[in-house]
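J.: Have a look at this one.
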2 protein chains.
Amino acid sequence: MSEEKKIPYKIYLEENEMPAAWYNVRADMKNKPAPILNPGTLKPVTFEELRGIFCDELCKQELDDTTPYFEIPEEIRNFYKMYRPSPLVRAYCLEKKLGTPAKIYYKFEGNNTSGSHKLNSAIAQAYYAKKQGLKGVTTETGAGQWGTALSMACAYLGIDCQVYMVKCSYEQKPFRREVMRTYGANVTPSPSDTTEVGRKILAEFPGTTGSLGCAISEAVEAAVTQEGYRYVLGSVLSQVLLHQSVIGLETKAAMDKYGIKPDVIIGCAGGGSNLGGLIAPFMGEKLRGEADYRFIAVEPASCPSLTRGKFVYDFCDTGKVCPLAKMYTLGSGFIPAPNHAGGLRYHGMSSVLSQLYHDGYMEAVSVEQTAVFQAAEEFARVEGILPAPESAHAIKAAVDEAVKCRETGEEKTILFGLTGTGYFDLVAYEKYNNGEMTDYIPSDEDLAKGFAGIPKFSGNEI
Amino acid sequence: MSEEKKIPYKIYLEENEMPAAWYNVRADMKNKPAPILNPGTLKPVTFEELRGIFCDELCKQELDDTTPYFEIPEEIRNFYKMYRPSPLVRAYCLEKKLGTPAKIYYKFEGNNTSGSHKLNSAIAQAYYAKKQGLKGVTTETGAGQWGTALSMACAYLGIDCQVYMVKCSYEQKPFRREVMRTYGANVTPSPSDTTEVGRKILAEFPGTTGSLGCAISEAVEAAVTQEGYRYVLGSVLSQVLLHQSVIGLETKAAMDKYGIKPDVIIGCAGGGSNLGGLIAPFMGEKLRGEADYRFIAVEPASCPSLTRGKFVYDFCDTGKVCPLAKMYTLGSGFIPAPNHAGGLRYHGMSSVLSQLYHDGYMEAVSVEQTAVFQAAEEFARVEGILPAPESAHAIKAAVDEAVKCRETGEEKTILFGLTGTGYFDLVAYEKYNNGEMTDYIPSDEDLAKGFAGIPKFSGNEI
């Protein structure tokens with residue numbers, strides 16, 4: 001087909017076709033996401049309450065659910081030009097391998113040293129911190145993608161970056177740590193004796209290897225107790241989804257250029273930063289009644305917040321120092337089983353995506369990890385790219401959709417987000433290659449333990 | 001300046017602008033590289049002698065020093081489209097950081113899972129093997145870049161890939177090994193008991209952790225003793241430089257498109273695959289008297305084949321099973337000091353590049369590794385990309401040239417090759433970050449030991 005011939009393997013926008021503004025999907029939502037609450041007063045958090053933790057411009061973005069577009073500052077656009085536009089890839093080889101009439105596209109966000117889409121928001125958050133005259137930012141990191149991205153952004157802007165890295169990751173992923181150090185970040189294994197909360201936890205649990213919840217608590221404490229610092233976070237927040245809309249905006253521009261309209265849009269979902277960013281402009285069209293698309297969130301069966309969680313107010317962090325958000329949650333105390341590989345281990349889900357899912361604009365599926373790694377390996381062998389385990393969740397769902405098309409003969413256009421590369425996840429690949437990888441689906445009893453930790457107040461019944 | 005504004009951060013060619021043929025620089029050389037010799041007869045190797053080791057089409061390419069262009073088969077061009085064209089990047093941020101009037105460009109070959117330019121030749125060699133009806137190929141790998149690239153190419157084409165990986169790398173770089181296994185390669189630590197030469201070495205040196213020379217010998221033995229297998233090599237050979245010319249051809253096309261003419265072209269040099277590929281079409285113009293450029297080969301001070309080696313016939317491998325090539329060499333027994341990080345550890349240099357250097361068409365410099373890692377880190381922080389240690393040699397030389405321009409005020413245009421990424425070299429980065437990296441320059445006495453191993457025959461006096 002001549003139409004086929006015209007579409008290259010990779011579509012790159014020109015630099016002058018890159019988005020000049022981020023899109024805030026909340027502006028087009030009739031049912032807005034419920035406001036985040038001050039955990040003390042259970043009242044919506046105010047700008048004044050929030051600005052002690054986040055820098056001012058980011059507080060504004062977080063609280064603004066009506067402004068549809070936010071201009072991307074020139075310095076951020078210039079940084080984006082170092083690794084963006086990212087390619088929209090036509091998966092010709094995967095289609096051939098699957099023998100499907102479906103047309104498969106993926107937006108690849110792994111072509112930067114941090115190895116994932118996280119850099120899109122890291123540079124924005126670091127930029128506003130610098131613009132406010134701050135000395136630096138603090139954050140936590142688990143697997144290390146977000147910490148790496150933030151280190152790169154801060155190195156570029158010349159501001160300080162303090163990363164609290166979950167101690168077991170710090171020890172098991174020394175390479176992630178060294179990338180951050182190469183970019184000049186100060187990386188501290190958490191829990192540490194550098195914060196009060198860290199010392200308290202160390203006294204109580206001397207041998208602990210840490211958790212994301214603890215690292216968040218340390219990072220927040222470090223931000224509020226040091227002059228000229230603020231805390232930043234790589235997912236879940238509405239501001240992060242705003243910045244990540246650059247993924248979807250570029251994708252849509254590239255597809256429009258070639259007259260491609262996706263039928264199904266698929267993204268992996270942990271806290272929601274990638275999925276929310278990828279679908280943003282398409283969801284905007286759906287919300288405004290201009291077009292229709294199927295959206296599928298893909299989550300691990302071992303951490304199934306959308307497919308098996310409760311849509312209630314919950315703490316955003318295990319340490320319970322952050323505001324409450326209304327979202328699909330497994331309870332802030334939920335921790336995925338030890339055999340779970342890679343990210344996508346957050347107990348909740350972006351309140352924007354949660355609301356959209358609740359209102360029926362989006363579907364969700366859960367997949368088991370050996371099937372995910374099988375899809376990852378199949379994809380790597382034909383498409384070349386070694387995907388991150390997180391991204392491979394989307395691959396698995398896209399392959400399932402394409403196989404359905406093979407069975408029905410439908411020529412659907414499938415778009416998925418390939419969020420990153422798996423160079424730092426080879427311990428998990430080794431397990432898979434050795435046939436030692438296992439699956440785990442939590443029982444209803446397991447989940448009930450997590451739900452028990454959801455805060456109880458009038459109107460928040462689970 | 002308006003001219004400045006027009007040049008984007010990254011220049012991507014369209015797919016239809018990608019080269020359709022490789023360029024064979026030997027065709028334009030008045031003094032051809034000396035022929036490779038049969039080590040038994042000391043006569044030029046014939047096609048018939050060579051075809052037991054390499055597949056037929058590659059033997060032809062290896063021996064052909066007159067045909068200027070070889071068409072790139074469509075299947076290889078389609079594979080190239082999965083990760084090429086690679087970006088030609090304008091290093092705006094590095095220029096600003098250095099405060100130089102120089103304009104710096106780099107051709108970045110690291111945006112593929114193998115993480116380097118090696119894939120350009122891996123797919124070509126695997127393709128011709130498959131076309132000849134072979135079952136598979138064998139090779140050796142040290143650091144693992146070449147083995148990874150070959151694994152990817154073979155997975156794509158569905159042929160078998162057997163990699164002999166130097167035992168100490170196999171054990172110290174488990175992640176490299178796992179990437180290869182994920183792509184379906186059979187990876188054997190060398191020396192092994194799967195070959196006669198391996199068993200012999202193990203009996204003689206029971207505790208040995210292997211060497212590249214030994215791995216080559218095992219890979220060659222595996223190729224010639226198995227029905228339907230041939231041996232492939234990732235650098236040094238003229239066929240490899242031919243395939244790698246895609247780097248330079250794309251670079252030149254991108255520069256021509258924007259009216260850019262480089263004054264200085266810089267590449268790191270181990271066996272010469274990247275440098276030879278990058279400079280090929282520019283060198284062709286120089287050889288034909290159509291244009292002039294300065295070419296600079298950058299090598300490690302710890303393995304200085306061009307700057308301190310002898311231009312004589314030598315064995316291409318430590319095991320002395322391969323033909324003799326006339327090249328700048330430190331002696332096939334030369335092994336860089338243990339503190340040497342990354343690749344660029346080959347004792348000799350492509351005979352094409354050796355001849356060009358000998359005839360004064362090219363310069364060479366050597367640099368010390370702590371200075372190289374300093375340049376790597378500076379580059380990473382402003383340009384985002386974490387470079388491979390090999391690539392960082394070119395960065396160091398480019399920075400030195402740009403700093404000279406700052407001092408003289410010259411607005412030179414500097415082009416260098418950024419061959420790959422450093423995700424699997426973080427042990428070396430950690431050493432650098434901890435201030436534990438050391439330099440080593442071999443003494444004349446050290447070098448004399450290597451020279452003593454160069455074969456002695458009439459006309460080959462050192």
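Ligands are numbered from 1 in the order shown, residues from 1 within each chain, and chains are lettered A, B, ... in the order they appear in the structure tokens.
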Tell me the residues of chain B close to chain A, meaning within 6 Å using only C-alpha atoms, as JSON, numbers by chain.
T.: {"B": [113, 155, 156, 175, 178, 183, 381, 382, 385, 386, 426, 430]}
J.: Can you pull out the residues contacting A:Glu57? Cut-off 12 Å, using only C-alpha atoms, and skip same-chain residues under 6 positions away; I want them as a PDB file with C-alpha atoms, in the first residue's frame.
T.:
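And here's around-v2.pdb as it stands now:
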ATOM      1  CA  PHE A  47      -1.074  27.578  47.942  1.00  0.00           C
ATOM      2  CA  LEU A  50       2.028  23.923  49.730  1.00  0.00           C
ATOM      3  CA  ARG A  51       4.750  26.459  49.011  1.00  0.00           C
ATOM      4  CA  LEU A  63      -3.566  23.601  42.008  1.00  0.00           C
ATOM      5  CA  ASP A  64      -4.698  24.917  38.613  1.00  0.00           C
ATOM      6  CA  PHE A  70       1.108  26.470  30.173  1.00  0.00           C
ATOM      7  CA  PRO A  73       9.863  28.382  29.164  1.00  0.00           C
ATOM      8  CA  ALA A 124      10.845  21.591  34.536  1.00  0.00           C
ATOM      9  CA  GLN A 125      10.931  21.194  38.297  1.00  0.00           C
ATOM     10  CA  ALA A 126      14.638  22.029  38.524  1.00  0.00           C
ATOM     11  CA  TYR A 127      14.122  25.072  36.283  1.00  0.00           C
ATOM     12  CA  TYR A 128      11.393  26.593  38.451  1.00  0.00           C
ATOM     13  CA  ALA A 129      13.495  25.949  41.553  1.00  0.00           C
ATOM     14  CA  LYS A 130      16.412  27.801  40.014  1.00  0.00           C
ATOM     15  CA  LYS A 131      14.175  30.601  38.762  1.00  0.00           C
ATOM     16  CA  GLN A 132      12.922  31.094  42.320  1.00  0.00           C
ATOM     17  CA  ARG A 230      12.410  22.487  48.053  1.00  0.00           C
ATOM     18  CA  GLN A 239       2.146  19.067  37.732  1.00  0.00           C
TER      19      GLN A 239
END
J.: Extract the full set of alpha helix (DSSP H) residues from stretch 290-415 of chain B according to DSSP on the backbone, and format it as a tab-separated table (two decimals) with C-alpha atoms, in the first residue's frame.
T.:
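Generated output (states09.tsv):
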chain	number	residue	atom	x	y	z
B	305	SER	CA	49.85	2.26	18.57
B	306	LEU	CA	49.92	5.21	16.16
B	307	THR	CA	51.96	7.63	18.23
B	308	ARG	CA	54.56	5.18	19.51
B	351	SER	CA	46.01	-1.06	7.89
B	352	VAL	CA	43.96	1.54	5.97
B	353	LEU	CA	44.34	4.12	8.71
B	354	SER	CA	47.95	3.12	9.30
B	355	GLN	CA	48.79	3.81	5.65
B	356	LEU	CA	46.95	7.14	5.67
B	357	TYR	CA	48.76	8.17	8.83
B	358	HIS	CA	52.06	7.03	7.42
B	369	GLN	CA	42.65	8.54	31.10
B	370	THR	CA	42.00	10.77	34.11
B	371	ALA	CA	41.90	13.74	31.72
B	372	VAL	CA	39.60	11.69	29.49
B	373	PHE	CA	37.17	10.99	32.33
B	374	GLN	CA	37.28	14.63	33.37
B	375	ALA	CA	36.24	15.59	29.84
B	376	ALA	CA	33.59	12.84	29.89
B	377	GLU	CA	32.05	14.15	33.07
B	378	GLU	CA	32.11	17.76	31.90
B	379	PHE	CA	30.48	16.69	28.65
B	380	ALA	CA	27.83	14.59	30.39
B	381	ARG	CA	26.82	17.43	32.66
B	382	VAL	CA	26.23	19.94	29.88
B	383	GLU	CA	25.29	17.76	26.90
B	389	PRO	CA	35.25	5.85	27.93
B	390	GLU	CA	36.34	5.17	24.33
B	391	SER	CA	34.23	8.03	22.97
B	392	ALA	CA	35.49	10.32	25.71
B	393	HIS	CA	38.96	10.22	24.14
B	394	ALA	CA	37.51	12.09	21.17
B	395	ILE	CA	35.69	14.49	23.51
B	396	LYS	CA	38.96	15.29	25.26
B	397	ALA	CA	40.74	16.10	21.98
B	398	ALA	CA	37.76	18.13	20.72
B	399	VAL	CA	37.67	20.14	23.95
B	400	ASP	CA	41.41	20.79	23.62
B	401	GLU	CA	40.91	22.07	20.06
B	402	ALA	CA	37.97	24.24	21.14
B	403	VAL	CA	39.99	25.71	24.01
B	404	LYS	CA	42.76	26.58	21.54
B	405	CYS	CA	40.14	28.43	19.49
B	406	ARG	CA	39.12	30.35	22.60
B	407	GLU	CA	42.73	31.43	22.97
B	408	THR	CA	43.25	32.36	19.31
J.: Which one is closest to A:Tyr361: A:Cys316, A:Leu98, A:Ile462, A:Ala280? Count only C-alpha atoms.
T.: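 Looking at the shortest contact to A:Tyr361, the residue is A:Ala280.
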J.: Write down as an MDAnalysis selection string the residues of stretch 134-376 of chain B whose backbone DSSP state falls under strand (DSSP E).
T.: chainID B and resid 136:141 160:166 186:190 229:231 264:268 294:300 310:315 324:329 363:367
J.: Using Å and a single decimal, report how far atom CA of B:Gly147 sits from atom CA of B:Ala215.
T.: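 Result for atom CA of B:Ala215 versus atom CA of B:Gly147: 11.9 Å, one decimal.
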